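Working notes for the structure below.
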Amino acid sequence: MPSPPAGLCDSCRHQRVVRNTRGSSFSLCRRSKEDDRFPRYPRIPVLDCPGYEPQRCWDTADPLYVAYHDEEWGRPVRAENLLLERLCLEGDVARLMGDAGIVRNRAKIEATIANARATAALHDAGETLGALLWSFAPDTPPPAPATLQDMPAATPQSTALARELKRRGFRFVGPTTAYALMQATGIVNDHLARCVVRGAVQAQIDAARAAR
């Protein structure tokens with residue numbers, strides 16, 4: 001059997017076309033269809049081509065990580081208790097990943113208590129943690145990263161947020177931690193340009209920002 005002409009889909013042999021989304025070009029099968037649930041970002045198709053597999057930001061087959069990526073990471077969070085939970089987790093995530101005895105880490109426990117007290121102090125001043133965190137959202141959404149290496153470790157906004165959180169009495173909140181918190185809670189959308197859930201995440205972020 002002769003080889004298929006260049007430009008045909010490897011799985012279904014239908015002609016591929018090239019589309020562009022926020023500066024990132026990629027090819028897809030002409031039989032693919034746009035999913036109308038994702039009207040703005042990043043116009044990622046749901047393919048009826050048999051060779052299509054969903055693309056995610058990190059490569060894992062673990063169902064817990066898949067569920068976390070698809071349903072939680074990057075989704076906008078407003079609830080005070082959930083924001084505090086994520087702030088405390090991101091504040092020591094490297095140590096948490098490598099230390100099975102983290103619950104006995106005194107510095108971590110003290111930082112969590114300090115962060116809870118700082119959150120209560122915000123309430124006493126007529127403020128909320130959610131309003132404070134979301135006030136540092138960038139005015140213009142940054143371009144979708146093409147790869148994990150394109151994600152910054154920190155940004156001017158996360159540096160300013162870390163400075164303000166420290167001023168308010170929060171601990172374990174450097175610029176890198178602050179940016180990880182912004183990623184996890186949907187203050188920024190760092191799902192990759194070709195990620196299957198980026199569009200849905202962005203739609204939720206747009207709705208959360210419009211409701212402010």
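Naming works like this for the structure tokens: A, B, ... for the chains as they're shown, residue 1 at the start of each chain, ligands 1 onward in shown order.
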Could you give me, as JSON lines, every range 77-149 of chain A residue with an atom at most 7 Å from range 189-204 of chain A, plus its closest atom pair and distance in Å to one decimal, counting only C-alpha atoms, rows ordered by chain then number?
{"residue": "A:Ala144", "atom": "CA", "partner": "A:Ala193", "partner_atom": "CA", "distance": 5.0}
{"residue": "A:Pro145", "atom": "CA", "partner": "A:Leu192", "partner_atom": "CA", "distance": 5.0}
{"residue": "A:Ala146", "atom": "CA", "partner": "A:Ala193", "partner_atom": "CA", "distance": 5.4}
{"residue": "A:Thr147", "atom": "CA", "partner": "A:Leu192", "partner_atom": "CA", "distance": 6.3}
Save out the residues we just selected, C-alpha atoms, as a PDB file, in the first residue's frame.
ATOM      1  CA  ALA A 144      -0.976  30.356  27.141  1.00  0.00           C
ATOM      2  CA  PRO A 145       2.277  28.473  27.813  1.00  0.00           C
ATOM      3  CA  ALA A 146       3.217  26.035  25.083  1.00  0.00           C
ATOM      4  CA  THR A 147       5.259  23.818  27.428  1.00  0.00           C
TER       5      THR A 147
END
Selection: 9 Å around range 135-137 of chain A, only C-alpha atoms, excl. self and same-chain fewer than 6 positions, as a PyMOL selection string: chain A and resi 157-158+160-161+182+187-188
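Taking CA of Thr176 in chain A as the reference point, CA of Ala154 in chain A is found at 4.9 Å.
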Interatomic distance, CA of Tyr179 in chain A to CA of Thr140 in chain A (Å, one decimal):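 So the two atoms, CA of Tyr179 in chain A and CA of Thr140 in chain A, lie 15.9 Å apart.
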